[in-house]
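Participant: Hey, dropping my_file_6.txt in here, compact mmCIF, C-alpha atoms and all ligand atoms:
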# COMPACT_ATOMS: atom_id res chain seq x y z
CA MET N 1 -20.39 -8.59 0.65
CA LYS N 2 -19.84 -6.44 3.70
CA VAL N 3 -17.42 -3.57 3.34
CA ALA N 4 -16.14 -1.63 6.34
CA VAL N 5 -15.36 1.93 5.33
CA LEU N 6 -12.73 3.43 7.61
CA SER N 7 -11.82 6.78 6.12
CA GLY N 8 -9.78 8.20 9.00
CA ASP N 9 -8.11 11.60 9.07
CA GLY N 10 -6.85 14.42 6.86
CA ILE N 11 -7.50 13.70 3.20
CA GLY N 12 -8.70 10.19 4.15
CA PRO N 13 -12.42 11.08 4.15
CA GLU N 14 -12.17 13.15 0.93
CA VAL N 15 -10.47 10.47 -1.12
CA THR N 16 -12.36 7.53 0.40
CA ARG N 17 -15.65 9.26 -0.49
CA GLN N 18 -14.65 8.93 -4.16
CA GLY N 19 -13.89 5.22 -3.75
CA VAL N 20 -17.28 4.80 -2.07
CA LYS N 21 -18.98 6.60 -4.98
CA VAL N 22 -17.58 3.95 -7.30
CA LEU N 23 -18.94 1.15 -5.09
CA GLU N 24 -22.31 2.91 -4.84
CA ALA N 25 -22.49 3.18 -8.61
CA LEU N 26 -21.81 -0.53 -8.97
CA ALA N 27 -24.40 -1.26 -6.27
CA ARG N 28 -27.04 0.67 -8.25
CA GLU N 29 -26.20 -1.66 -11.10
CA GLY N 30 -26.81 -4.75 -8.95
CA LEU N 31 -23.58 -5.49 -7.09
CA ALA N 32 -24.65 -6.94 -3.72
CA ILE N 33 -22.79 -4.87 -1.18
CA GLU N 34 -23.39 -3.45 2.27
CA MET N 35 -21.21 -0.61 3.47
CA GLU N 36 -20.76 0.46 7.06
CA THR N 37 -18.52 3.24 8.31
CA ALA N 38 -16.58 3.56 11.56
CA LEU N 39 -14.06 5.91 13.12
CA ILE N 40 -10.36 5.12 13.13
CA GLY N 41 -7.22 7.12 13.86
CA GLY N 42 -7.08 10.64 15.19
CA CYS N 43 -10.81 11.26 14.74
CA ALA N 44 -11.56 8.15 16.82
CA TYR N 45 -9.15 9.32 19.49
CA ASP N 46 -10.86 12.70 19.59
CA ALA N 47 -14.30 11.10 19.83
CA GLY N 48 -13.58 8.41 22.41
CA GLY N 49 -9.97 8.44 23.56
CA HIS N 50 -8.67 5.55 21.44
CA PRO N 51 -7.60 5.40 17.77
CA LEU N 52 -8.94 1.86 17.30
CA PRO N 53 -12.26 1.59 19.17
CA GLU N 54 -13.57 -1.91 19.96
CA ALA N 55 -16.53 -1.33 17.64
CA THR N 56 -14.24 -0.48 14.73
CA LEU N 57 -12.13 -3.58 15.24
CA ALA N 58 -15.29 -5.70 15.50
CA LEU N 59 -16.66 -4.18 12.28
CA ALA N 60 -13.36 -4.86 10.50
CA ARG N 61 -13.35 -8.47 11.72
CA ALA N 62 -16.91 -9.02 10.51
CA ALA N 63 -16.30 -7.44 7.10
CA ASP N 64 -15.37 -9.19 3.88
CA ALA N 65 -13.29 -6.18 2.88
CA ILE N 66 -12.08 -2.95 4.42
CA LEU N 67 -11.68 0.31 2.53
CA PHE N 68 -9.22 2.38 4.50
CA GLY N 69 -8.40 6.05 3.93
CA ALA N 70 -5.52 7.49 5.91
CA GLU N 71 -4.72 8.44 9.44
CA GLY N 72 -2.41 10.70 11.34
CA GLY N 73 -1.82 14.36 11.96
CA PHE N 74 0.79 16.46 13.72
CA GLU N 75 -1.44 17.06 16.74
CA TYR N 76 -1.28 13.36 17.64
CA GLU N 77 2.48 12.85 17.31
CA THR N 78 3.27 13.39 20.98
CA LEU N 79 0.59 11.02 22.32
CA PRO N 80 1.83 7.89 24.10
CA ARG N 81 2.54 4.93 21.80
CA GLY N 82 -0.57 2.85 21.43
CA LEU N 83 -2.77 5.93 21.27
CA ARG N 84 -1.31 7.40 18.08
CA PRO N 85 -3.37 7.14 14.90
CA GLY N 86 -0.75 5.05 13.05
CA ASP N 87 -0.89 2.45 15.82
CA ALA N 88 -4.53 1.72 14.94
CA LEU N 89 -3.61 0.79 11.39
CA LEU N 90 -0.70 -1.36 12.54
CA THR N 91 -2.93 -3.16 15.06
CA LEU N 92 -5.58 -3.75 12.42
CA ARG N 93 -3.04 -5.25 10.02
CA GLN N 94 -1.66 -7.51 12.72
CA GLU N 95 -5.00 -8.51 14.30
CA LEU N 96 -6.36 -9.57 10.91
CA ASP N 97 -3.02 -11.17 9.97
CA LEU N 98 -2.84 -9.23 6.71
CA PHE N 99 0.78 -10.11 6.10
CA ALA N 100 1.01 -9.63 2.34
CA ASN N 101 0.84 -6.05 1.07
CA PHE N 102 0.62 -5.65 -2.69
CA ARG N 103 1.66 -2.27 -4.07
CA PRO N 104 1.33 -2.33 -7.88
CA ILE N 105 3.45 0.23 -9.72
CA VAL N 106 1.94 0.59 -13.18
CA SER N 107 2.80 3.42 -15.50
CA VAL N 108 -0.29 5.05 -17.05
CA PRO N 109 0.30 6.15 -20.68
CA ALA N 110 -1.49 9.49 -20.19
CA LEU N 111 0.65 10.29 -17.13
CA ILE N 112 4.16 9.74 -18.49
CA GLU N 113 4.77 13.51 -18.45
CA ALA N 114 3.76 13.70 -14.76
CA SER N 115 6.66 11.51 -13.69
CA THR N 116 9.89 13.24 -12.72
CA LEU N 117 11.72 10.51 -14.66
CA LYS N 118 12.36 10.36 -18.39
CA ARG N 119 9.75 8.82 -20.68
CA GLU N 120 12.01 5.94 -21.76
CA VAL N 121 12.62 4.97 -18.11
CA VAL N 122 8.96 4.68 -17.11
CA GLU N 123 6.95 3.99 -20.28
CA GLY N 124 5.36 0.53 -20.12
CA LEU N 125 6.44 -0.05 -16.51
CA ASP N 126 4.51 -2.76 -14.61
CA LEU N 127 6.04 -3.95 -11.37
CA MET N 128 4.64 -5.28 -8.11
CA ILE N 129 6.13 -4.41 -4.77
CA LEU N 130 5.19 -7.11 -2.28
CA ARG N 131 5.82 -5.82 1.22
CA GLU N 132 5.72 -8.09 4.27
CA LEU N 133 3.30 -6.24 6.57
CA THR N 134 2.96 -7.81 10.02
CA SER N 135 6.49 -8.32 11.32
CA ASP N 136 9.99 -6.77 11.21
CA ILE N 137 11.25 -3.80 13.20
CA TYR N 138 7.68 -2.43 13.22
CA PHE N 139 6.45 -4.99 15.73
CA ALA N 140 9.32 -6.74 17.53
CA SER N 141 10.54 -6.25 21.10
CA PRO N 142 12.52 -4.95 22.85
CA ARG N 143 11.60 -1.43 21.87
CA GLY N 144 11.44 1.89 23.63
CA ILE N 145 13.40 4.89 24.84
CA GLU N 146 15.37 4.01 27.98
CA ARG N 147 18.29 5.24 30.02
CA ASP N 148 21.55 3.34 29.95
CA GLY N 149 23.84 2.79 32.97
CA ARG N 150 25.33 6.27 32.60
CA GLY N 151 21.95 7.93 32.43
CA GLU N 152 22.07 8.65 28.71
CA ARG N 153 18.86 8.09 26.76
CA VAL N 154 18.88 5.20 24.28
CA GLY N 155 16.34 4.51 21.56
CA VAL N 156 15.81 0.79 20.88
CA ASN N 157 13.98 -1.16 18.18
CA THR N 158 14.46 -4.72 17.11
CA MET N 159 14.59 -6.06 13.57
CA ARG N 160 13.23 -9.59 13.76
CA TYR N 161 11.83 -12.19 11.38
CA THR N 162 10.97 -15.81 12.06
CA GLU N 163 11.66 -18.35 9.35
CA SER N 164 7.95 -19.10 8.94
CA GLU N 165 7.15 -15.42 8.43
CA ILE N 166 9.73 -15.21 5.66
CA ARG N 167 8.60 -18.49 4.16
CA ARG N 168 4.96 -17.46 3.81
CA ILE N 169 5.68 -14.13 2.14
CA ALA N 170 8.17 -15.91 -0.14
CA HIS N 171 5.46 -18.31 -1.32
CA VAL N 172 3.16 -15.38 -2.05
CA ALA N 173 5.93 -13.71 -4.06
CA PHE N 174 6.67 -16.76 -6.21
CA ALA N 175 2.99 -17.55 -6.75
CA THR N 176 2.41 -13.92 -7.77
CA ALA N 177 5.31 -14.05 -10.24
CA ARG N 178 3.80 -17.17 -11.83
CA GLY N 179 0.80 -15.07 -12.80
CA ARG N 180 3.08 -12.40 -14.27
CA ARG N 181 6.55 -12.47 -15.88
CA HIS N 182 8.07 -15.20 -13.67
CA LYS N 183 10.67 -13.01 -11.97
CA VAL N 184 11.18 -12.30 -8.27
CA CYS N 185 13.74 -9.86 -6.91
CA SER N 186 14.16 -10.21 -3.16
CA VAL N 187 15.42 -7.05 -1.47
CA ASP N 188 17.32 -7.32 1.81
CA LYS N 189 20.37 -6.07 3.67
CA ALA N 190 22.00 -9.46 4.14
CA ASN N 191 25.50 -8.00 3.98
CA VAL N 192 25.04 -6.30 7.36
CA LEU N 193 22.02 -7.73 9.19
CA GLU N 194 21.57 -11.33 10.41
CA THR N 195 17.79 -10.96 10.15
CA MET N 196 18.26 -10.31 6.47
CA GLU N 197 20.81 -13.11 6.09
CA LEU N 198 18.05 -15.47 7.20
CA TRP N 199 15.64 -13.67 4.83
CA ARG N 200 17.93 -14.34 1.85
CA GLU N 201 18.55 -17.96 2.86
CA VAL N 202 14.82 -18.72 3.20
CA MET N 203 13.94 -16.89 -0.04
CA THR N 204 16.53 -18.99 -1.85
CA ASP N 205 15.21 -22.17 -0.28
CA VAL N 206 11.56 -21.47 -1.14
CA GLY N 207 12.70 -20.49 -4.64
CA ARG N 208 13.75 -24.11 -5.25
CA ASP N 209 10.04 -25.05 -5.24
CA TYR N 210 9.50 -22.65 -8.14
CA PRO N 211 12.14 -23.56 -10.73
CA ASP N 212 10.14 -21.74 -13.41
CA VAL N 213 10.56 -18.43 -11.55
CA GLU N 214 13.86 -16.56 -11.76
CA LEU N 215 15.03 -15.35 -8.34
CA THR N 216 17.52 -12.53 -7.92
CA HIS N 217 18.63 -10.65 -4.81
CA LEU N 218 19.50 -7.01 -4.27
CA TYR N 219 20.63 -5.09 -1.21
CA VAL N 220 18.13 -2.41 -0.36
CA ASP N 221 20.48 0.48 -1.11
CA ALA N 222 21.21 -0.85 -4.59
CA ALA N 223 17.49 -1.57 -5.07
CA ALA N 224 16.65 2.05 -4.29
CA MET N 225 19.10 3.12 -6.99
CA SER N 226 17.95 0.51 -9.52
CA LEU N 227 14.32 1.56 -9.09
CA VAL N 228 15.06 4.94 -10.64
CA ARG N 229 17.82 3.82 -13.02
CA TYR N 230 16.11 0.95 -14.82
CA PRO N 231 12.82 0.00 -13.12
CA LYS N 232 11.57 -2.06 -16.06
CA GLN N 233 14.01 -4.83 -15.07
CA PHE N 234 11.66 -5.71 -12.19
CA ASP N 235 8.58 -7.93 -12.15
CA VAL N 236 7.87 -8.79 -8.47
CA ILE N 237 9.97 -7.15 -5.74
CA VAL N 238 9.52 -8.89 -2.39
CA THR N 239 10.86 -7.19 0.68
CA ALA N 240 10.57 -6.66 4.41
CA ASN N 241 8.12 -4.34 6.12
CA LEU N 242 10.40 -1.33 6.65
CA PHE N 243 12.19 -1.52 3.29
CA GLY N 244 8.87 -1.97 1.47
CA ASP N 245 7.43 1.11 3.14
CA ILE N 246 10.31 3.23 1.88
CA LEU N 247 10.74 1.73 -1.59
CA SER N 248 7.05 2.02 -2.42
CA ASP N 249 6.94 5.76 -1.72
CA GLU N 250 10.02 6.12 -3.92
CA ALA N 251 8.40 4.03 -6.66
CA SER N 252 5.28 6.20 -6.65
CA MET N 253 7.19 8.84 -8.57
CA LEU N 254 7.71 6.38 -11.42
CA VAL N 255 3.95 6.62 -11.94
CA GLY N 256 3.79 10.35 -11.36
CA SER N 257 2.41 10.83 -7.85
CA ILE N 258 1.90 9.09 -4.56
CA GLY N 259 -1.75 10.02 -5.08
CA MET N 260 -1.90 7.31 -7.76
CA LEU N 261 -0.74 4.27 -5.73
CA PRO N 262 -3.30 1.79 -4.38
CA SER N 263 -2.56 -1.19 -2.15
CA ALA N 264 -4.10 -4.46 -1.02
CA SER N 265 -3.22 -6.10 2.29
CA ILE N 266 -4.15 -9.73 2.33
CA GLY N 267 -3.97 -12.72 4.67
CA ALA N 268 -4.96 -16.30 4.18
CA GLY N 269 -8.50 -15.84 2.83
CA ARG N 270 -10.44 -13.48 0.63
CA ARG N 271 -10.68 -10.74 3.20
CA GLY N 272 -8.42 -7.77 2.61
CA LEU N 273 -7.73 -4.22 3.60
CA PHE N 274 -7.50 -1.87 0.66
CA GLU N 275 -5.89 1.53 1.03
CA PRO N 276 -3.90 4.21 -0.76
CA VAL N 277 -0.15 4.05 -0.12
CA HIS N 278 -0.10 7.73 0.85
CA GLY N 279 -0.84 9.25 4.24
CA CYS N 280 -3.33 11.82 5.49
CA ALA N 281 -1.49 14.73 3.82
CA PRO N 282 -2.34 17.41 6.39
CA ASP N 283 -0.78 20.05 4.10
CA ILE N 284 -3.62 19.72 1.58
CA ALA N 285 -6.51 18.33 3.67
CA GLY N 286 -9.94 19.91 3.36
CA GLN N 287 -9.14 21.82 0.16
CA ASP N 288 -10.65 19.49 -2.48
CA VAL N 289 -7.26 19.15 -4.16
CA ALA N 290 -6.14 15.63 -3.11
CA ASN N 291 -5.89 12.97 -5.78
CA PRO N 292 -8.56 10.30 -5.10
CA LEU N 293 -7.32 7.84 -7.73
CA ALA N 294 -5.28 5.78 -5.24
CA SER N 295 -8.48 5.17 -3.28
CA ILE N 296 -10.49 4.39 -6.42
CA LEU N 297 -7.78 2.02 -7.66
CA SER N 298 -7.78 0.39 -4.20
CA VAL N 299 -11.48 -0.30 -4.76
CA ALA N 300 -10.49 -2.03 -8.01
CA LEU N 301 -8.08 -4.23 -6.06
CA MET N 302 -10.89 -5.00 -3.60
CA LEU N 303 -13.22 -6.01 -6.45
CA ARG N 304 -10.53 -8.28 -7.86
CA HIS N 305 -9.41 -9.93 -4.64
CA SER N 306 -12.27 -9.94 -2.11
CA PHE N 307 -15.25 -9.85 -4.50
CA ARG N 308 -13.56 -12.14 -7.05
CA ARG N 309 -14.86 -9.82 -9.77
CA PRO N 310 -11.90 -9.16 -12.09
CA ASP N 311 -14.38 -7.90 -14.70
CA LEU N 312 -15.47 -5.04 -12.43
CA ALA N 313 -11.89 -4.34 -11.38
CA VAL N 314 -10.88 -3.90 -15.02
CA ARG N 315 -13.86 -1.62 -15.63
CA VAL N 316 -12.82 0.66 -12.75
CA GLU N 317 -9.20 0.69 -13.93
CA ASP N 318 -10.33 1.50 -17.48
CA ALA N 319 -12.56 4.31 -16.21
CA VAL N 320 -9.53 5.81 -14.44
CA ALA N 321 -7.35 5.43 -17.53
CA ARG N 322 -10.00 7.09 -19.74
CA THR N 323 -10.47 9.98 -17.30
CA LEU N 324 -6.73 10.63 -17.49
CA ALA N 325 -6.66 10.16 -21.27
CA ASP N 326 -9.43 12.77 -21.51
CA GLY N 327 -7.05 15.23 -19.85
CA TYR N 328 -8.47 15.55 -16.33
CA ARG N 329 -5.89 15.97 -13.56
CA THR N 330 -5.71 16.78 -9.87
CA ALA N 331 -3.04 19.28 -8.81
CA ASP N 332 -0.35 16.66 -8.09
CA ILE N 333 -0.35 15.32 -11.66
CA VAL N 334 -1.28 18.39 -13.70
CA THR N 335 0.98 19.08 -16.72
CA PRO N 336 0.76 21.70 -19.50
CA GLY N 337 -2.25 21.12 -21.75
CA THR N 338 -4.27 19.17 -19.17
CA GLN N 339 -7.25 20.35 -17.13
CA ARG N 340 -6.96 20.72 -13.37
CA ILE N 341 -10.00 19.60 -11.38
CA GLY N 342 -10.72 18.89 -7.71
CA THR N 343 -11.10 15.70 -5.69
CA GLU N 344 -14.91 15.48 -5.99
CA ALA N 345 -14.90 16.27 -9.70
CA MET N 346 -12.26 13.61 -10.32
CA GLY N 347 -14.46 11.05 -8.54
CA ASP N 348 -17.43 12.14 -10.67
CA CYS N 349 -15.41 11.87 -13.90
CA VAL N 350 -14.43 8.30 -13.09
CA VAL N 351 -17.98 7.29 -12.14
CA ALA N 352 -19.36 8.85 -15.35
CA ARG N 353 -16.95 6.79 -17.46
CA LEU N 354 -17.56 3.67 -15.41
CA MET N 355 -21.29 3.88 -16.09
CA ALA N 356 -21.05 5.05 -19.73
P1 LIG N 401 1.77 11.79 3.13
O1 LIG N 401 1.69 10.65 2.21
O2 LIG N 401 0.56 12.11 3.92
O3 LIG N 401 2.18 13.11 2.31
C1 LIG N 401 3.41 13.23 1.59
C2 LIG N 401 3.26 14.28 0.49
O4 LIG N 401 2.45 13.74 -0.56
C3 LIG N 401 2.57 15.57 0.94
O5 LIG N 401 3.13 16.65 0.27
C4 LIG N 401 1.13 15.37 0.49
O6 LIG N 401 0.43 16.56 0.23
C5 LIG N 401 1.30 14.53 -0.79
N1 LIG N 401 0.14 13.65 -1.01
C6 LIG N 401 -0.16 12.54 -0.30
N2 LIG N 401 -1.30 12.00 -0.76
C7 LIG N 401 -1.72 12.77 -1.79
C8 LIG N 401 -2.84 12.74 -2.66
N3 LIG N 401 -3.77 11.77 -2.59
N4 LIG N 401 -2.97 13.71 -3.59
C9 LIG N 401 -2.04 14.67 -3.70
N5 LIG N 401 -0.95 14.77 -2.89
C10 LIG N 401 -0.79 13.83 -1.95
O7 LIG N 401 3.03 11.52 4.09
P2 LIG N 401 3.59 12.37 5.35
O8 LIG N 401 3.46 13.82 5.07
O9 LIG N 401 4.89 11.80 5.62
O10 LIG N 401 2.64 11.97 6.55
C11 LIG N 401 1.51 12.76 6.98
C12 LIG N 401 0.76 12.01 8.07
O11 LIG N 401 0.17 10.83 7.52
C13 LIG N 401 1.62 11.52 9.23
O12 LIG N 401 0.86 11.66 10.41
C14 LIG N 401 1.89 10.06 8.91
O13 LIG N 401 2.14 9.30 10.06
C15 LIG N 401 0.58 9.69 8.28
N6 LIG N 401 0.66 8.56 7.32
C16 LIG N 401 -0.42 7.74 7.29
C17 LIG N 401 -0.48 6.72 6.37
C18 LIG N 401 -1.68 5.85 6.34
O14 LIG N 401 -2.67 6.15 6.97
N7 LIG N 401 -1.67 4.77 5.61
C19 LIG N 401 0.56 6.57 5.45
C20 LIG N 401 1.64 7.44 5.50
C21 LIG N 401 1.68 8.45 6.43
C1 LIG N 402 2.08 2.98 5.03
C2 LIG N 402 2.25 3.94 6.18
C3 LIG N 402 2.21 3.22 7.52
C4 LIG N 402 3.40 2.27 7.55
C5 LIG N 402 2.22 4.12 8.77
C6 LIG N 402 1.13 5.14 8.73
C7 LIG N 402 2.09 3.31 10.01
O1 LIG N 402 3.40 4.71 6.00
O2 LIG N 402 1.08 2.24 5.02
O3 LIG N 402 2.92 2.95 4.13
O4 LIG N 402 4.54 2.69 7.87
O5 LIG N 402 3.19 1.10 7.26
MN MN N 403 4.34 4.45 4.06
Any chance you could give the structure as structure tokens?
Ligand code: NAD
Ligand code: IPM
Ligand code: MN
Facilitator:
Amino acid sequence: MKVAVLSGDGIGPEVTRQGVKVLEALAREGLAIEMETALIGGCAYDAGGHPLPEATLALARAADAILFGAEGGFEYETLPRGLRPGDALLTLRQELDLFANFRPIVSVPALIEASTLKREVVEGLDLMILRELTSDIYFASPRGIERDGRGERVGVNTMRYTESEIRRIAHVAFATARGRRHKVCSVDKANVLETMELWREVMTDVGRDYPDVELTHLYVDAAAMSLVRYPKQFDVIVTANLFGDILSDEASMLVGSIGMLPSASIGAGRRGLFEPVHGCAPDIAGQDVANPLASILSVALMLRHSFRRPDLAVRVEDAVARTLADGYRTADIVTPGTQRIGTEAMGDCVVARLMA
């Protein structure tokens, strides 16, 4: 298996290094894996004037799996569109047609106290946010900042979904629910937006093929509220690109920190891009304080999906759970009575338990 390691900017390299350590440990044990690194994001722009160099895209295309870190940084925010770090990630997702983004929200027993929500709200929580990843207002035209007839500036973006785009993510949602608790909640804004009216209609239609799966619908505002009121009502939440981006950051606090949330972006085959949900966190970069568990748990998702090795995925997840049960914490999840350690040490703790 060929893995492209694209660690990017800010805390990306620090946390991805810990995910790589886990893969290296499994390779020493016999897992057949080749890793190759390439620049992406702001660091690629600095080195060669483009955030997604041809060589990086080629490496990603040739890989069986991609481990992505994070990209961005304030210094790049005034660059022309197309040259900003985030654009590289969006292009990669679209070029590889990775339309289904899985963001598992699973409460870890040892971390209940790290959540800002009450124990009874989050204990035992296991929900999957399935975010459509290659369409919506992120990608559609027209877009831009223009002048209207009176010379005033106007910002324009277009929310757009084709029926087939909705249909394929719907099938993924229902199939996913069949492997879980047989419930899908589709989140839209059908009361106001025609795009979302179509979304709801197509979800309902596809749902008829899955009579064993219960389908409910929520408007995105009510979903945002329900996620913190009674999140355990959810099994699979399927939603559009923009809403999924926002709801998953919100949901991270159910687990305790955005530093805990992994994700898997998948297309038709086994290839996937695996990345933390968080960004490059410039406020804490380079200080050995970032939580690397989202990257390590993304490696577990890679082992499960691209390597088809659920046994190894479970081992990595168990090693993370035991590290937390033993009381080790990075700064974002530290609570009274636990021991604060750095990014590197957290990676080492997980590897030690993985190999024990
Ligand atoms: P962010 O996720 O980078 O940070 C939000 C907050 O969470 C910050 O306080 C940060 O310190 C904290 N945080 C994030 N990851 C953490 C970790 N692993 N451990 C501990 N704390 C962590 O979001 P932002 O501040 O809105 O964005 C910063 C930059 O990252 C921007 O340039 C943005 O465009 C980019 N971004 C990139 C990605 C990505 O590459 N996938 C995702 C989101 C944002
Ligand atoms: C994410 C990020 C990206 C997104 C940005 C960096 C383009 O926030 O993966 O959640 O909005 O999809
Ligand atoms: Mn996001």
Participant: Hey, what's within 8 Å of Ala140 in chain N if we count only C-alpha atoms and toss same-chain stuff fewer than 3 positions away? As a list in words, please?
Facilitator: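 Here the qualifying residues turn out to be Ser135, Asp136, Ile137, Arg143, Asn157, Thr158, Met159 and Arg160 of chain N.
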Participant: Would you mind telling me which residue in N:Glu201, N:Glu214, N:Glu275, N:Asp221 lies nearest to ligand LIG 401 (chain N) when using all atoms listed in the file?
Facilitator: N:Glu275
Participant: Return as JSON lines the residues of chain N lying at most 7 Å from ligand LIG 402 (chain N), together with the closest atom-to-atom pair for each and the distance in Å to one decimal, counting all atoms listed in the file, with rows in chain order and ascending residue number.
Facilitator:
{"residue": "N:Glu71", "atom": "CA", "partner": "N:LIG402", "partner_atom": "C6", "distance": 6.8}
{"residue": "N:Gly86", "atom": "CA", "partner": "N:LIG402", "partner_atom": "C7", "distance": 4.5}
{"residue": "N:Asp87", "atom": "CA", "partner": "N:LIG402", "partner_atom": "C7", "distance": 6.6}
{"residue": "N:Leu89", "atom": "CA", "partner": "N:LIG402", "partner_atom": "C7", "distance": 6.4}
{"residue": "N:Leu90", "atom": "CA", "partner": "N:LIG402", "partner_atom": "C7", "distance": 6.0}
{"residue": "N:Asp245", "atom": "CA", "partner": "N:LIG402", "partner_atom": "O3", "distance": 5.0}
{"residue": "N:Val277", "atom": "CA", "partner": "N:LIG402", "partner_atom": "O3", "distance": 5.4}
{"residue": "N:His278", "atom": "CA", "partner": "N:LIG402", "partner_atom": "O3", "distance": 6.5}
{"residue": "N:Gly279", "atom": "CA", "partner": "N:LIG402", "partner_atom": "C6", "distance": 6.4}
Participant: Give me, please, the distance in Å between CA of Ala25 in chain N and CA of Gln287 in chain N, quoted to one decimal.
Facilitator: 24.5 Å
Participant: Would you kindly return, as a list in words, each protein, DNA or RNA residue with an atom no farther than 7 Å from any atom of Thr330 in chain N, considering all atoms listed in the file and excluding same-chain residues fewer than 5 positions away?
Facilitator: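 Near neighbours after the sequence-gap exclusion: Val289, Ala290, Asn291, Arg340, Ile341, Gly342 and Thr343 of chain N.
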Participant: From the list N:Ala70, N:Met196, N:Leu125, N:Met253, which residue is nearest ligand MN 403 (chain N) when using all atoms listed in the file?
Facilitator: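 So, comparing all the options, the nearest one is N:Ala70.
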Participant: Can you find the residues with an atom no farther than 12 Å from (7.1, 6.8, -4.5), counting all atoms listed in the file, and report them as a PyMOL selection string?
Facilitator: chain N and resi 103-106+115-117+129+224+227-228+244-262+276-278
Participant: Taking all atoms listed in the file into account, which of N:Gly207, N:Ile145, N:Asp64, N:Gly72 comes nearest ligand MN 403 (chain N)?
Facilitator: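 Checking each of N:Gly207, N:Ile145, N:Asp64, N:Gly72 against ligand MN 403 (chain N), counting all atoms listed in the file, the winner is N:Gly72.
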Participant: Between CA of Ala300 in chain N and atom O1 of ligand LIG 401 (chain N), what distance in Å does the model show, to one decimal?
Facilitator: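 For CA of Ala300 in chain N relative to atom O1 of ligand LIG 401 (chain N), the distance reads 20.3 Å.
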Participant: At the level of N, CA, C and O atoms, write range 102-113 of chain N to a file as a PDB file, in the first residue's frame, please.
Facilitator:
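Dumped everything to out31.pdb:
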ATOM      1  N   PHE N 102     -16.685  11.133   6.164  1.00  0.00           N
ATOM      2  CA  PHE N 102     -17.161  10.553   7.426  1.00  0.00           C
ATOM      3  C   PHE N 102     -16.480  11.243   8.604  1.00  0.00           C
ATOM      4  O   PHE N 102     -15.248  11.264   8.673  1.00  0.00           O
ATOM      5  N   ARG N 103     -17.268  11.748   9.519  1.00  0.00           N
ATOM      6  CA  ARG N 103     -16.727  12.386  10.717  1.00  0.00           C
ATOM      7  C   ARG N 103     -17.359  11.726  11.951  1.00  0.00           C
ATOM      8  O   ARG N 103     -18.397  12.158  12.436  1.00  0.00           O
ATOM      9  N   PRO N 104     -16.749  10.649  12.446  1.00  0.00           N
ATOM     10  CA  PRO N 104     -17.322   9.934  13.590  1.00  0.00           C
ATOM     11  C   PRO N 104     -17.191  10.744  14.886  1.00  0.00           C
ATOM     12  O   PRO N 104     -16.133  11.292  15.165  1.00  0.00           O
ATOM     13  N   ILE N 105     -18.274  10.804  15.626  1.00  0.00           N
ATOM     14  CA  ILE N 105     -18.300  11.533  16.897  1.00  0.00           C
ATOM     15  C   ILE N 105     -18.561  10.494  17.981  1.00  0.00           C
ATOM     16  O   ILE N 105     -19.705  10.074  18.191  1.00  0.00           O
ATOM     17  N   VAL N 106     -17.497  10.042  18.618  1.00  0.00           N
ATOM     18  CA  VAL N 106     -17.620   8.953  19.580  1.00  0.00           C
ATOM     19  C   VAL N 106     -17.076   9.408  20.932  1.00  0.00           C
ATOM     20  O   VAL N 106     -15.914   9.809  21.042  1.00  0.00           O
ATOM     21  N   SER N 107     -17.915   9.358  21.922  1.00  0.00           N
ATOM     22  CA  SER N 107     -17.501   9.791  23.247  1.00  0.00           C
ATOM     23  C   SER N 107     -16.557   8.753  23.859  1.00  0.00           C
ATOM     24  O   SER N 107     -16.815   7.553  23.831  1.00  0.00           O
ATOM     25  N   VAL N 108     -15.422   9.220  24.381  1.00  0.00           N
ATOM     26  CA  VAL N 108     -14.441   8.332  25.005  1.00  0.00           C
ATOM     27  C   VAL N 108     -14.690   8.366  26.519  1.00  0.00           C
ATOM     28  O   VAL N 108     -14.702   9.446  27.106  1.00  0.00           O
ATOM     29  N   PRO N 109     -14.895   7.182  27.155  1.00  0.00           N
ATOM     30  CA  PRO N 109     -15.219   7.180  28.584  1.00  0.00           C
ATOM     31  C   PRO N 109     -14.271   8.044  29.418  1.00  0.00           C
ATOM     32  O   PRO N 109     -14.726   8.824  30.257  1.00  0.00           O
ATOM     33  N   ALA N 110     -12.960   7.931  29.158  1.00  0.00           N
ATOM     34  CA  ALA N 110     -11.994   8.653  29.992  1.00  0.00           C
ATOM     35  C   ALA N 110     -12.080  10.168  29.799  1.00  0.00           C
ATOM     36  O   ALA N 110     -11.525  10.931  30.586  1.00  0.00           O
ATOM     37  N   LEU N 111     -12.748  10.611  28.744  1.00  0.00           N
ATOM     38  CA  LEU N 111     -12.749  12.044  28.420  1.00  0.00           C
ATOM     39  C   LEU N 111     -14.051  12.765  28.741  1.00  0.00           C
ATOM     40  O   LEU N 111     -14.203  13.936  28.388  1.00  0.00           O
ATOM     41  N   ILE N 112     -14.977  12.073  29.379  1.00  0.00           N
ATOM     42  CA  ILE N 112     -16.287  12.683  29.642  1.00  0.00           C
ATOM     43  C   ILE N 112     -16.118  14.053  30.322  1.00  0.00           C
ATOM     44  O   ILE N 112     -16.801  15.020  29.983  1.00  0.00           O
ATOM     45  N   GLU N 113     -15.175  14.130  31.258  1.00  0.00           N
ATOM     46  CA  GLU N 113     -14.989  15.381  32.005  1.00  0.00           C
ATOM     47  C   GLU N 113     -14.414  16.496  31.129  1.00  0.00           C
ATOM     48  O   GLU N 113     -14.482  17.671  31.496  1.00  0.00           O
TER      49      GLU N 113
END
